[in-house]
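**Student:** One file: protein_22.txt (compact mmCIF, C-alpha atoms).
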```txt
# COMPACT_ATOMS: atom_id res chain seq x y z
CA MET A 1 -63.30 -2.42 15.18
CA LYS A 2 -64.01 -0.22 12.19
CA ARG A 3 -62.36 2.74 13.94
CA ILE A 4 -59.25 0.70 14.73
CA LEU A 5 -58.99 -0.49 11.13
CA THR A 6 -59.37 3.07 9.86
CA LEU A 7 -56.68 4.27 12.27
CA LEU A 8 -54.30 1.52 11.19
CA LEU A 9 -54.82 2.38 7.54
CA LEU A 10 -54.18 6.05 8.28
CA VAL A 11 -50.96 5.25 10.16
CA ALA A 12 -49.82 3.02 7.29
CA ALA A 13 -50.54 5.74 4.75
CA ILE A 14 -48.59 8.28 6.78
CA ALA A 15 -45.66 5.86 7.11
CA ILE A 16 -45.58 5.23 3.38
CA GLY A 17 -45.79 8.93 2.61
CA ALA A 18 -42.96 9.63 5.06
CA GLN A 19 -40.51 7.25 3.41
CA ALA A 20 -37.31 8.90 2.31
CA ARG A 21 -37.10 9.62 -1.41
CA THR A 22 -34.21 10.04 -3.81
CA TYR A 23 -34.54 12.72 -6.49
CA VAL A 24 -32.21 12.51 -9.49
CA LEU A 25 -31.35 15.06 -12.18
CA ILE A 26 -29.27 13.73 -15.06
CA SER A 27 -27.82 16.15 -17.61
CA ALA A 28 -25.42 15.64 -20.50
CA VAL A 29 -24.37 17.43 -23.68
CA SER A 30 -22.98 15.66 -26.73
CA ASN A 31 -24.03 18.06 -29.49
CA TYR A 32 -23.15 21.70 -28.98
CA ASP A 33 -23.93 24.73 -31.13
CA ASP A 34 -20.51 24.35 -32.73
CA GLU A 35 -20.12 20.79 -34.00
CA ARG A 36 -16.35 21.07 -33.67
CA THR A 37 -16.85 20.87 -29.90
CA ASN A 38 -19.20 17.88 -29.96
CA LEU A 39 -18.55 14.91 -27.69
CA SER A 40 -19.22 11.30 -28.60
CA GLN A 41 -19.88 9.53 -25.29
CA THR A 42 -21.56 11.93 -22.88
CA THR A 43 -25.21 11.23 -23.72
CA LYS A 44 -24.45 7.50 -23.71
CA ASP A 45 -22.92 7.92 -20.26
CA ALA A 46 -26.06 9.69 -19.03
CA LYS A 47 -28.28 6.90 -20.34
CA ARG A 48 -26.13 4.23 -18.69
CA PHE A 49 -26.24 6.11 -15.40
CA LYS A 50 -30.01 6.35 -15.67
CA GLN A 51 -30.25 2.58 -16.22
CA VAL A 52 -28.46 1.83 -12.98
CA ILE A 53 -29.92 4.61 -10.81
CA GLN A 54 -33.51 3.81 -11.82
CA THR A 55 -33.12 0.54 -9.90
CA GLN A 56 -32.89 2.74 -6.78
CA THR A 57 -35.54 5.39 -7.51
CA ARG A 58 -38.14 6.42 -10.08
CA ASP A 59 -37.87 10.14 -9.33
CA ILE A 60 -35.57 10.88 -12.29
CA THR A 61 -35.40 13.88 -14.62
CA MET A 62 -33.10 13.76 -17.67
CA LEU A 63 -31.90 16.61 -19.90
CA THR A 64 -29.60 15.99 -22.86
CA SER A 65 -27.95 18.09 -25.57
CA SER A 66 -30.11 21.09 -26.65
CA TYR A 67 -32.37 20.57 -23.61
CA ALA A 68 -29.40 20.69 -21.23
CA THR A 69 -29.16 24.46 -21.13
CA ARG A 70 -28.03 26.30 -18.04
CA GLU A 71 -31.56 27.65 -17.58
CA ASN A 72 -33.23 24.24 -17.87
CA ILE A 73 -30.70 22.56 -15.60
CA MET A 74 -31.11 25.18 -12.89
CA GLU A 75 -34.90 25.20 -13.22
CA LYS A 76 -35.08 21.43 -12.71
CA LEU A 77 -32.45 21.43 -9.96
CA ASN A 78 -34.22 24.19 -8.05
CA ALA A 79 -37.53 22.34 -8.38
CA ILE A 80 -35.99 19.19 -6.93
CA CYS A 81 -34.24 21.10 -4.15
CA ASN A 82 -37.51 22.76 -3.18
CA ARG A 83 -39.43 19.47 -3.23
CA ALA A 84 -36.97 17.39 -1.22
CA GLN A 85 -37.52 17.11 2.53
CA ALA A 86 -35.40 16.10 5.51
CA GLY A 87 -34.38 12.47 5.08
CA ASP A 88 -34.42 12.68 1.28
CA MET A 89 -31.45 12.47 -1.08
CA ILE A 90 -30.70 14.55 -4.18
CA ILE A 91 -28.40 13.20 -6.91
CA PHE A 92 -27.10 15.44 -9.71
CA PHE A 93 -25.19 13.99 -12.67
CA TYR A 94 -23.50 15.99 -15.42
CA SER A 95 -21.41 14.83 -18.37
CA GLY A 96 -20.10 17.30 -20.92
CA HIS A 97 -17.57 20.07 -21.38
CA GLY A 98 -16.24 21.91 -18.39
CA MET A 99 -14.13 24.96 -17.70
CA PRO A 100 -12.52 26.41 -14.56
CA ASN A 101 -15.27 27.05 -11.98
CA ALA A 102 -18.14 26.09 -14.29
CA LEU A 103 -19.85 23.45 -16.40
CA TYR A 104 -20.18 24.28 -20.08
CA THR A 105 -23.79 23.47 -20.90
CA TYR A 106 -25.43 23.51 -24.32
CA ASN A 107 -25.71 27.30 -24.33
CA GLY A 108 -22.85 28.40 -22.11
CA ALA A 109 -21.27 28.39 -18.68
CA LEU A 110 -23.12 27.29 -15.55
CA PRO A 111 -21.02 28.27 -12.50
CA TYR A 112 -20.54 25.68 -9.79
CA SER A 113 -21.52 28.39 -7.34
CA SER A 114 -25.07 28.36 -8.77
CA ILE A 115 -25.35 24.60 -8.23
CA VAL A 116 -23.96 24.87 -4.71
CA GLU A 117 -26.38 27.69 -3.85
CA ALA A 118 -29.36 25.58 -4.96
CA LEU A 119 -28.18 22.57 -2.95
CA GLU A 120 -27.49 24.64 0.16
CA GLY A 121 -31.07 25.89 0.13
CA SER A 122 -32.58 22.40 0.12
CA ALA A 123 -33.84 20.56 3.19
CA ALA A 124 -32.62 17.22 1.76
CA SER A 125 -30.35 15.37 4.16
CA SER A 126 -27.90 14.14 1.50
CA LYS A 127 -26.87 15.75 -1.79
CA ILE A 128 -24.52 13.93 -4.15
CA CYS A 129 -23.12 15.33 -7.39
CA PHE A 130 -21.29 13.40 -10.10
CA ILE A 131 -19.44 15.75 -12.46
CA ASP A 132 -17.67 14.32 -15.52
CA ALA A 133 -16.08 17.36 -17.16
CA CYS A 134 -12.68 18.94 -17.70
CA HIS A 135 -11.34 21.01 -14.77
CA ALA A 136 -14.07 19.51 -12.56
CA GLY A 137 -11.89 19.79 -9.47
CA SER A 138 -12.42 23.55 -9.59
CA ALA A 139 -15.83 22.86 -8.02
CA ALA A 140 -13.98 22.78 -4.69
CA ALA A 141 -13.69 26.57 -4.72
CA ALA A 142 -17.48 26.94 -4.80
CA THR A 143 -17.88 24.65 -1.80
CA SER A 144 -15.23 26.41 0.27
CA ALA A 145 -13.39 23.11 0.65
CA ASN A 146 -10.14 23.24 2.56
CA ASN A 147 -8.59 20.34 0.69
CA GLU A 148 -9.32 17.93 -2.12
CA TYR A 149 -10.56 14.97 -0.08
CA SER A 150 -12.39 16.31 2.95
CA GLY A 151 -12.94 19.45 4.96
CA MET A 152 -15.82 20.68 2.84
CA SER A 153 -17.88 23.29 4.60
CA MET A 154 -21.21 22.15 3.13
CA PRO A 155 -22.77 19.55 5.45
CA GLY A 156 -24.55 16.64 3.82
CA THR A 157 -23.04 17.23 0.38
CA ALA A 158 -20.55 15.21 -1.68
CA PHE A 159 -19.09 16.10 -5.07
CA PHE A 160 -17.53 13.28 -7.10
CA VAL A 161 -15.54 15.10 -9.77
CA SER A 162 -13.74 13.45 -12.65
CA SER A 163 -10.44 15.34 -12.55
CA ARG A 164 -8.29 17.82 -10.71
CA ALA A 165 -8.85 21.51 -11.39
CA ASP A 166 -5.91 21.64 -13.84
CA GLU A 167 -6.72 18.35 -15.64
CA TYR A 168 -8.80 17.33 -18.61
CA SER A 169 -11.38 14.54 -18.33
CA ILE A 170 -11.11 11.82 -20.93
CA GLU A 171 -13.74 9.92 -22.90
CA SER A 172 -12.62 6.80 -24.71
CA PRO A 173 -14.14 5.46 -27.95
CA TRP A 174 -12.48 2.14 -27.16
CA ILE A 175 -14.55 1.59 -24.04
CA GLY A 176 -17.46 3.70 -25.32
CA ALA A 177 -17.63 5.94 -22.26
CA GLY A 178 -15.92 8.61 -20.24
CA PHE A 179 -13.51 7.13 -17.71
CA LEU A 180 -15.39 8.62 -14.75
CA ALA A 181 -18.83 7.60 -16.00
CA GLN A 182 -17.76 4.04 -16.74
CA ALA A 183 -16.21 3.58 -13.29
CA LEU A 184 -19.27 5.15 -11.66
CA VAL A 185 -21.72 2.77 -13.32
CA LYS A 186 -19.55 -0.28 -12.59
CA GLY A 187 -19.10 0.83 -9.01
CA LEU A 188 -22.82 1.36 -8.44
CA ARG A 189 -23.57 -2.07 -9.89
CA GLY A 190 -21.46 -3.68 -7.20
CA SER A 191 -17.79 -3.58 -8.17
CA SER A 192 -17.12 -1.04 -5.40
CA ASP A 193 -18.84 -3.07 -2.67
CA ARG A 194 -15.69 -3.78 -0.68
CA ASN A 195 -17.37 -5.39 2.34
CA HIS A 196 -19.97 -7.30 0.26
CA ASP A 197 -22.97 -6.00 2.21
CA ARG A 198 -24.80 -5.04 -1.01
CA ARG A 199 -24.75 -1.37 0.02
CA ILE A 200 -22.55 1.09 -1.86
CA THR A 201 -21.32 3.94 0.32
CA VAL A 202 -19.78 7.25 -0.77
CA ARG A 203 -16.33 6.16 0.43
CA GLU A 204 -16.51 2.73 -1.24
CA LEU A 205 -17.68 4.24 -4.50
CA PHE A 206 -14.99 6.92 -4.60
CA ASP A 207 -12.16 4.54 -3.72
CA TYR A 208 -13.19 2.27 -6.59
CA ILE A 209 -13.63 5.14 -9.07
CA TYR A 210 -10.27 6.69 -8.21
CA VAL A 211 -8.26 3.51 -8.77
CA ASP A 212 -10.14 2.60 -11.96
CA VAL A 213 -9.85 6.04 -13.59
CA VAL A 214 -6.20 6.60 -12.70
CA ARG A 215 -5.32 3.18 -14.12
CA ARG A 216 -7.29 3.55 -17.35
CA SER A 217 -6.02 7.08 -17.97
CA ASP A 218 -2.38 6.15 -17.31
CA SER A 219 -2.37 8.65 -14.43
CA GLN A 220 -3.47 11.55 -16.65
CA GLN A 221 -6.76 11.95 -14.75
CA HIS A 222 -7.32 11.94 -11.00
CA PRO A 223 -10.91 11.98 -9.69
CA GLN A 224 -11.54 13.93 -6.50
CA LEU A 225 -14.05 13.59 -3.68
CA ILE A 226 -15.11 16.89 -2.15
CA ALA A 227 -17.08 15.97 0.96
CA PRO A 228 -17.12 16.17 4.76
CA ARG A 229 -16.17 12.94 6.49
CA GLU A 230 -19.68 12.41 7.81
CA MET A 231 -20.72 11.77 4.20
CA PHE A 232 -18.35 8.83 3.72
CA ASP A 233 -20.77 6.21 5.08
CA VAL A 234 -23.86 7.55 3.28
CA VAL A 235 -25.39 4.80 1.11
CA VAL A 236 -25.69 5.74 -2.57
CA ALA A 237 -27.12 2.41 -3.77
CA ASP A 238 -28.73 -0.42 -1.80
CA TRP A 239 -29.15 -3.81 -3.47
CA ASN A 240 -30.80 -5.55 -0.51
CA ASP A 241 -34.40 -4.80 -1.47
```
As structure tokens, please, write out the structure in this file.

**Tutor:**
Amino acid sequence: MKRILTLLLLVAAIAIGAQARTYVLISAVSNYDDERTNLSQTTKDAKRFKQVIQTQTRDITMLTSSYATRENIMEKLNAICNRAQAGDMIIFFYSGHGMPNALYTYNGALPYSSIVEALEGSAASSKICFIDACHAGSAAAATSANNEYSGMSMPGTAFFVSSRADEYSIESPWIGAGFLAQALVKGLRGSSDRNHDRRITVRELFDYIYVDVVRRSDSQQHPQLIAPREMFDVVVADWND
């Protein structure tokens, strides 16, 4: 009997240890070296995103302002990518300045190609990036996407980007958030749950974000989803537990 009990406990421990995990890296820059380029809402957006995503996982790392350097972001992202195993999910969030083909971190440009390279090297089954920055649609070039909505060559990866490659991304003092970040948080909290199953999928979330941002920006900003179609039904948030 003692052997059976020990075996059952061992099996239970293995099962618990094998549960899929979600690793999150949140980064945002409000205060840059040159105060003329400072942003007012980005760190707030990061904190709001953390509030909602921590209901789904506790594996969260957050870097803001002077800590959100290109070196620190890549160090933390690489650590997460190395730690994640098959079945796990990686979520990367960035809010701050952007430029064609790169994020503009606290101390300079971080090419999208560096982020893509780190994600490609991870064993995680799903990798989801939320990028709220000007010219964010230029991330498509780093993923070898064939078009703006699908056809991405990177399996298991989805980029939600706040704007087309030739557009700026807007933050509004009136709503106290960037348009993309606000729609993202609202969508994850349930506003995007079209079929009311309490699970938010990639496709549901993007459809909600797109309509909300285009409306609030008076069609000045058009979010893009860069992802293969097999990612559309991946669950980003599950409210059934």

**Student:** Let me make sure I understand: among A:Asn195, A:Arg189, A:Gln221, A:Val211, which one has the smallest atom-to-atom distance to Cys134 of chain A if we use all atoms listed in the file?

**Tutor:**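 Smallest separation from Cys134 of chain A among the options: A:Gln221.
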
**Student:** With a distance cut-off of 7 Å and only C-alpha atoms, select the neighbouring residues of Thr22 of chain A, excluding the residue or stretch itself and same-chain residues fewer than 3 positions from it, and output the selection as a ChimeraX atom specification.

**Tutor:** /A:57,59,88-90

**Student:** What lies within 10 Å of segment 204-206 of chain A using all atoms listed in the file, ignoring chain neighbours under 5 positions off, as a list in words?

**Tutor:** Phe160, Val161, Ala183, Leu184, Val185, Lys186, Gly187, Leu188, Gly190, Ser191, Ser192, Asp193, Arg194, Asn195, Arg199, Val211, Asp212, Pro223, Gln224, Leu225, Phe232, Asp233, Val234, Val235, Val236 and Ala237 of chain A

**Student:** Counting all atoms listed in the file, which residues in segment 83-171 of chain A sit no more than 10 Å from segment 26-40 of chain A? For each one, give the nearest pair of atoms and the distance in Å, sorted by chain then residue number, as a tab-separated table.

**Tutor:**
```
residue	atom	partner	partner_atom	distance
A:Ile91	CA	A:Ile26	CA	8.2
A:Phe92	CA	A:Ile26	CA	6.0
A:Phe93	CA	A:Ile26	CA	4.7
A:Tyr94	CA	A:Ser27	CA	4.8
A:Ser95	CA	A:Ala28	CA	4.6
A:Gly96	CA	A:Val29	CA	5.1
A:His97	CA	A:Val29	CA	7.6
A:Tyr104	CA	A:Val29	CA	8.8
A:Thr105	CA	A:Val29	CA	6.7
A:Tyr106	CA	A:Tyr32	CA	5.5
A:Asn107	CA	A:Asp33	CA	7.5
A:Gly108	CA	A:Tyr32	CA	9.6
A:Cys129	CA	A:Ile26	CA	10.0
A:Phe130	CA	A:Ile26	CA	9.4
A:Ile131	CA	A:Ser27	CA	9.8
A:Asp132	CA	A:Ala28	CA	9.3
A:Glu171	CA	A:Ser40	CA	8.0
```

**Student:** What does the structure give for the distance between atom CA of Arg70 of chain A and atom CA of Ser114 of chain A, in Å to one decimal?

**Tutor:**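 Between atom CA of Arg70 of chain A and atom CA of Ser114 of chain A the gap works out to 9.9 Å.
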
**Student:** Write out as a PyMOL selection string each polymer residue whose atoms come within 7 Å of segment 118-124 of chain A, counting all atoms listed in the file; drop sequence neighbours fewer than 2 positions from it.

**Tutor:** chain A and resi 78+81-82+84-90+114-116+126-127

**Student:** Atom CA of Phe179 of chain A and atom CA of Ile53 of chain A, how far apart in Å?

**Tutor:**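 We find that atom CA of Ile53 of chain A and atom CA of Phe179 of chain A lie 18.0 Å from each other.
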
**Student:** Can you work out which one of A:Asn240, A:Gly178, A:Ser217, A:Asp197 has the shortest atom-to-atom distance to Asp45 of chain A, counting only C-alpha atoms?

**Tutor:**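 Closest candidate: A:Gly178.
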
**Student:** So how many Å separate atom CA of Arg198 of chain A and atom CA of Thr61 of chain A, to one decimal?

**Tutor:**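 Answer for the atom CA of Arg198 of chain A to atom CA of Thr61 of chain A separation: 25.6 Å.
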
**Student:** Near segment 109-111 of chain A, counting all atoms listed in the file, which residues have an atom at most 9 Å away, once you skip same-chain residues fewer than 6 positions from it, shown as number ranges by chain?

**Tutor:** A: 69-71, 73-74, 98-103, 139, 142

**Student:** For segment 36-51 of chain A, take all atoms listed in the file, fit an axis-aligned box around them, add 5 Å to each of the six sides, then output centre and edge lengths in Å rounded to one decimal, as AutoDock Vina command-line options.

**Tutor:**
```
--center_x -23.3 --center_y 11.8 --center_z -24.5 --size_x 23.9 --size_y 28.5 --size_z 28.3
```

**Student:** Considering only C-alpha atoms, return as a PyMOL selection string whatever protein or nucleic-acid residues lie within 7 Å of Leu180 of chain A, sequence-local ones (same chain, fewer than 5 positions apart) excluded.

**Tutor:** chain A and resi 132+162+209+213

**Student:** Which residue gives the smallest distance to His222 of chain A among A:Glu117, A:Glu75, A:Asp241, A:Glu167, with only C-alpha atoms counted?

**Tutor:** A:Glu167

**Student:** Considering only C-alpha atoms, can you say which of A:Gln19, A:Gln41, A:Gln220, A:Gln51 comes closest to Ser169 of chain A?

**Tutor:**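 Going through A:Gln19, A:Gln41, A:Gln220, A:Gln51 one by one, the smallest distance to Ser169 of chain A is for A:Gln220.
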
**Student:** Using only C-alpha atoms, which of the listed residues (A:Ser66, A:Arg229, A:Gly156, A:Ala133) sits closest to Ala181 of chain A?

**Tutor:**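 When distances to Ala181 of chain A are compared using only C-alpha atoms, the smallest one comes from A:Ala133.
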
**Student:** Rank A:Asp218, A:Ser172, A:Trp239, A:Ser125 by their smallest atom-to-atom distance to His196 of chain A, using only C-alpha atoms, and report the top residue only.

**Tutor:**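 Distance minimum relative to His196 of chain A lands on A:Trp239.
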